[in-house]
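Enquirer: Handing over coords-v4.pdb, PDB, C-alpha atoms.
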ATOM      1  CA  GLN A   1      35.117   3.912  15.836  1.00  0.00           C
ATOM      2  CA  GLY A   2      35.333   1.752  18.928  1.00  0.00           C
ATOM      3  CA  ILE A   3      35.756   4.566  21.435  1.00  0.00           C
ATOM      4  CA  ILE A   4      34.035   7.891  21.932  1.00  0.00           C
ATOM      5  CA  PRO A   5      34.787  10.603  19.332  1.00  0.00           C
ATOM      6  CA  HIS A   6      37.867  12.781  19.769  1.00  0.00           C
ATOM      7  CA  ASP A   7      35.858  15.872  20.756  1.00  0.00           C
ATOM      8  CA  MET A   8      34.184  13.856  23.534  1.00  0.00           C
ATOM      9  CA  VAL A   9      37.645  12.938  24.822  1.00  0.00           C
ATOM     10  CA  HIS A  10      38.306  16.694  24.880  1.00  0.00           C
ATOM     11  CA  PHE A  11      35.112  17.093  26.890  1.00  0.00           C
ATOM     12  CA  ALA A  12      36.172  14.439  29.409  1.00  0.00           C
ATOM     13  CA  VAL A  13      39.575  16.054  29.893  1.00  0.00           C
ATOM     14  CA  GLU A  14      38.447  19.682  29.863  1.00  0.00           C
ATOM     15  CA  ALA A  15      35.596  18.999  32.295  1.00  0.00           C
ATOM     16  CA  GLU A  16      38.165  17.825  34.852  1.00  0.00           C
ATOM     17  CA  VAL A  17      41.171  20.090  34.177  1.00  0.00           C
ATOM     18  CA  ALA A  18      41.204  23.719  35.295  1.00  0.00           C
ATOM     19  CA  GLY A  19      41.608  26.244  32.510  1.00  0.00           C
ATOM     20  CA  VAL A  20      40.557  26.489  28.912  1.00  0.00           C
ATOM     21  CA  GLY A  21      41.334  23.943  26.219  1.00  0.00           C
ATOM     22  CA  PHE A  22      39.966  23.612  22.684  1.00  0.00           C
ATOM     23  CA  LEU A  23      36.284  23.178  23.616  1.00  0.00           C
ATOM     24  CA  GLY A  24      36.460  25.837  26.297  1.00  0.00           C
ATOM     25  CA  ASN A  25      37.921  28.268  23.788  1.00  0.00           C
ATOM     26  CA  VAL A  26      35.149  27.540  21.288  1.00  0.00           C
ATOM     27  CA  ALA A  27      32.457  27.800  23.994  1.00  0.00           C
ATOM     28  CA  ALA A  28      33.892  31.173  25.021  1.00  0.00           C
ATOM     29  CA  GLY A  29      33.469  32.415  21.443  1.00  0.00           C
ATOM     30  CA  GLY A  30      37.009  31.700  20.256  1.00  0.00           C
ATOM     31  CA  ASP A  31      38.226  30.325  16.982  1.00  0.00           C
ATOM     32  CA  ALA A  32      37.755  26.609  16.331  1.00  0.00           C
ATOM     33  CA  GLY A  33      40.833  26.567  14.097  1.00  0.00           C
ATOM     34  CA  PHE A  34      44.375  25.657  15.009  1.00  0.00           C
ATOM     35  CA  GLY A  35      45.098  29.258  16.053  1.00  0.00           C
ATOM     36  CA  ALA A  36      43.340  28.529  19.337  1.00  0.00           C
ATOM     37  CA  ALA A  37      45.967  25.885  20.071  1.00  0.00           C
ATOM     38  CA  ASP A  38      48.706  28.528  20.335  1.00  0.00           C
ATOM     39  CA  ALA A  39      48.044  29.122  24.045  1.00  0.00           C
ATOM     40  CA  PRO A  40      50.438  27.088  26.225  1.00  0.00           C
ATOM     41  CA  HIS A  41      47.621  25.721  28.413  1.00  0.00           C
ATOM     42  CA  ALA A  42      45.584  24.672  25.379  1.00  0.00           C
ATOM     43  CA  ARG A  43      48.609  22.833  23.952  1.00  0.00           C
ATOM     44  CA  ALA A  44      49.130  21.011  27.266  1.00  0.00           C
ATOM     45  CA  VAL A  45      45.446  20.039  27.281  1.00  0.00           C
ATOM     46  CA  GLU A  46      45.752  18.756  23.700  1.00  0.00           C
ATOM     47  CA  ARG A  47      48.728  16.582  24.684  1.00  0.00           C
ATOM     48  CA  LEU A  48      46.666  15.207  27.585  1.00  0.00           C
ATOM     49  CA  VAL A  49      43.740  14.479  25.264  1.00  0.00           C
ATOM     50  CA  GLU A  50      46.113  12.623  22.931  1.00  0.00           C
ATOM     51  CA  THR A  51      47.462  10.538  25.815  1.00  0.00           C
ATOM     52  CA  VAL A  52      43.978   9.774  27.181  1.00  0.00           C
ATOM     53  CA  GLN A  53      42.740   8.819  23.729  1.00  0.00           C
ATOM     54  CA  ALA A  54      45.736   6.524  23.155  1.00  0.00           C
ATOM     55  CA  GLU A  55      44.973   4.797  26.448  1.00  0.00           C
ATOM     56  CA  ALA A  56      41.318   4.393  25.415  1.00  0.00           C
ATOM     57  CA  TRP A  57      42.372   2.824  22.108  1.00  0.00           C
ATOM     58  CA  ALA A  58      44.592   0.401  24.037  1.00  0.00           C
ATOM     59  CA  GLY A  59      41.487  -0.836  25.864  1.00  0.00           C
ATOM     60  CA  ALA A  60      42.939  -0.937  29.383  1.00  0.00           C
ATOM     61  CA  PRO A  61      44.247   1.658  31.795  1.00  0.00           C
ATOM     62  CA  THR A  62      47.979   2.225  32.032  1.00  0.00           C
ATOM     63  CA  PRO A  63      49.411   2.364  35.558  1.00  0.00           C
ATOM     64  CA  ASP A  64      49.155   5.966  36.773  1.00  0.00           C
ATOM     65  CA  ALA A  65      52.910   6.618  36.991  1.00  0.00           C
ATOM     66  CA  GLU A  66      53.452   5.266  33.474  1.00  0.00           C
ATOM     67  CA  PHE A  67      50.534   7.298  32.105  1.00  0.00           C
ATOM     68  CA  LEU A  68      51.856  10.505  33.663  1.00  0.00           C
ATOM     69  CA  ASP A  69      55.382   9.748  32.370  1.00  0.00           C
ATOM     70  CA  LEU A  70      53.983   9.205  28.863  1.00  0.00           C
ATOM     71  CA  TYR A  71      52.031  12.467  29.095  1.00  0.00           C
ATOM     72  CA  ARG A  72      55.165  14.358  30.145  1.00  0.00           C
ATOM     73  CA  LEU A  73      57.160  12.709  27.356  1.00  0.00           C
ATOM     74  CA  THR A  74      54.477  13.685  24.830  1.00  0.00           C
ATOM     75  CA  CYS A  75      54.662  17.286  26.042  1.00  0.00           C
ATOM     76  CA  ASP A  76      58.463  17.290  25.957  1.00  0.00           C
ATOM     77  CA  ALA A  77      58.468  15.951  22.394  1.00  0.00           C
ATOM     78  CA  ARG A  78      56.351  18.901  21.281  1.00  0.00           C
ATOM     79  CA  GLY A  79      58.003  21.541  23.457  1.00  0.00           C
ATOM     80  CA  ASP A  80      54.959  21.970  25.696  1.00  0.00           C
ATOM     81  CA  GLN A  81      54.850  22.389  29.464  1.00  0.00           C
ATOM     82  CA  PRO A  82      52.741  19.564  30.968  1.00  0.00           C
ATOM     83  CA  LEU A  83      49.898  20.315  33.321  1.00  0.00           C
ATOM     84  CA  ASP A  84      50.445  19.498  36.987  1.00  0.00           C
ATOM     85  CA  LEU A  85      48.443  16.272  37.249  1.00  0.00           C
ATOM     86  CA  ASP A  86      48.224  13.711  40.000  1.00  0.00           C
ATOM     87  CA  ALA A  87      46.550  10.330  40.430  1.00  0.00           C
ATOM     88  CA  ALA A  88      43.315  11.951  41.651  1.00  0.00           C
ATOM     89  CA  ALA A  89      43.036  14.144  38.540  1.00  0.00           C
ATOM     90  CA  LEU A  90      43.751  11.161  36.329  1.00  0.00           C
ATOM     91  CA  ALA A  91      41.101   9.109  38.152  1.00  0.00           C
ATOM     92  CA  ALA A  92      38.557  11.899  37.639  1.00  0.00           C
ATOM     93  CA  ILE A  93      39.347  12.065  33.910  1.00  0.00           C
ATOM     94  CA  ARG A  94      39.046   8.294  33.578  1.00  0.00           C
ATOM     95  CA  ALA A  95      35.741   8.279  35.464  1.00  0.00           C
ATOM     96  CA  ARG A  96      34.382  11.037  33.235  1.00  0.00           C
ATOM     97  CA  LEU A  97      35.567   9.130  30.160  1.00  0.00           C
ATOM     98  CA  ALA A  98      33.843   5.951  31.371  1.00  0.00           C
ATOM     99  CA  ALA A  99      30.600   7.821  32.044  1.00  0.00           C
ATOM    100  CA  LEU A 100      30.692   9.461  28.603  1.00  0.00           C
ATOM    101  CA  THR A 101      31.391   6.119  26.975  1.00  0.00           C
ATOM    102  CA  THR A 102      28.323   4.629  28.660  1.00  0.00           C
ATOM    103  CA  GLN A 103      26.187   7.590  27.598  1.00  0.00           C
ATOM    104  CA  TRP A 104      27.508   7.465  24.036  1.00  0.00           C
ATOM    105  CA  GLN A 105      26.870   3.740  23.671  1.00  0.00           C
ATOM    106  CA  ALA A 106      23.247   4.292  24.686  1.00  0.00           C
ATOM    107  CA  VAL A 107      22.627   6.816  21.886  1.00  0.00           C
ATOM    108  CA  ALA A 108      20.636   5.292  19.045  1.00  0.00           C
ATOM    109  CA  VAL A 109      21.816   5.716  15.464  1.00  0.00           C
ATOM    110  CA  GLY A 110      20.500   9.036  14.182  1.00  0.00           C
ATOM    111  CA  SER A 111      20.054  10.420  17.696  1.00  0.00           C
ATOM    112  CA  SER A 112      22.205  12.870  19.595  1.00  0.00           C
ATOM    113  CA  LEU A 113      23.768  13.495  22.982  1.00  0.00           C
ATOM    114  CA  THR A 114      23.947  16.990  24.436  1.00  0.00           C
ATOM    115  CA  LEU A 115      26.697  17.825  26.932  1.00  0.00           C
ATOM    116  CA  SER A 116      27.327  20.996  28.886  1.00  0.00           C
ATOM    117  CA  LEU A 117      30.831  22.216  29.690  1.00  0.00           C
ATOM    118  CA  ASP A 118      31.392  24.822  32.386  1.00  0.00           C
ATOM    119  CA  VAL A 119      33.872  27.293  30.921  1.00  0.00           C
ATOM    120  CA  PRO A 120      35.934  29.542  33.181  1.00  0.00           C
ATOM    121  CA  THR A 121      35.463  33.226  32.472  1.00  0.00           C
ATOM    122  CA  HIS A 122      38.350  35.556  31.792  1.00  0.00           C
ATOM    123  CA  GLY A 123      38.423  39.202  32.625  1.00  0.00           C
TER     124      GLY A 123
END
Can you dump the structure from the file as structure tokens?
Expert:
Amino acid sequence: QGIIPHDMVHFAVEAEVAGVGFLGNVAAGGDAGFGAADAPHARAVERLVETVQAEAWAGAPTPDAEFLDLYRLTCDARGDQPLDLDAAALAAIRARLAALTTQWQAVAVGSSLTLSLDVPTHG
């Protein structure tokens, strides 16, 4: 599709953002359906994934301040509280995305790529 699959964008974001998003919820034994997206943090992560994926489709990074403004606007439009992100967090997400893209492009048709996500425990 030109960029990494949506769930790999989730991986890139969730590997760099504290807390549980969609993949973290599934890895912790939660529901893979939309019910998992009811948690405020998970919704904020989903908005971030959407913003990161839109930037990837654009093919070039957006200036950090503009990216963070767009993320906040996306959250506001859906009634979600944005995560507290800074330029360093955004750089880490972008670096992870670039690394995953390189790994994904090296996978031969019919082959697979296995990733491991550290999931915070609750209790």
Enquirer: Counting all atoms listed in the file, select every polymer residue within 12 Å of (45.5, 17.8, 26.1) as defined in the file's coordinates, and provide the selection as a PyMOL selection string.
Expert: chain A and resi 6-7+9-23+37+39-54+71-72+74-75+78+80-83+85+93
Enquirer: I'd like the interatomic distance between atom CA of Leu68 of chain A and atom CA of Arg94 of chain A, to a tenth of an Å.
Expert: 13.0 Å
Enquirer: Pick from A:Asp84, A:Leu90, A:Gly110, A:Gln103: nearest to Glu66 of chain A, with all atoms listed in the file counted?
Expert: A:Leu90
Enquirer: Could you tell me how far atom CA of Leu100 of chain A lies from atom CA of Trp57 of chain A, in Å and to one decimal?
Expert: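 Atom CA of Leu100 of chain A sits 14.9 Å away from atom CA of Trp57 of chain A.
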Enquirer: What is the atom CA of Arg96 of chain A to atom CA of Thr62 of chain A distance in Å?
Expert: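 Rounded to one decimal, the two atoms are 16.2 Å apart.
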Enquirer: Would you please work out which residue, of A:Val109, A:Pro5, A:Pro61, A:Ser116, is nearest to Ala95 of chain A when using all atoms listed in the file?
Expert: A:Pro61
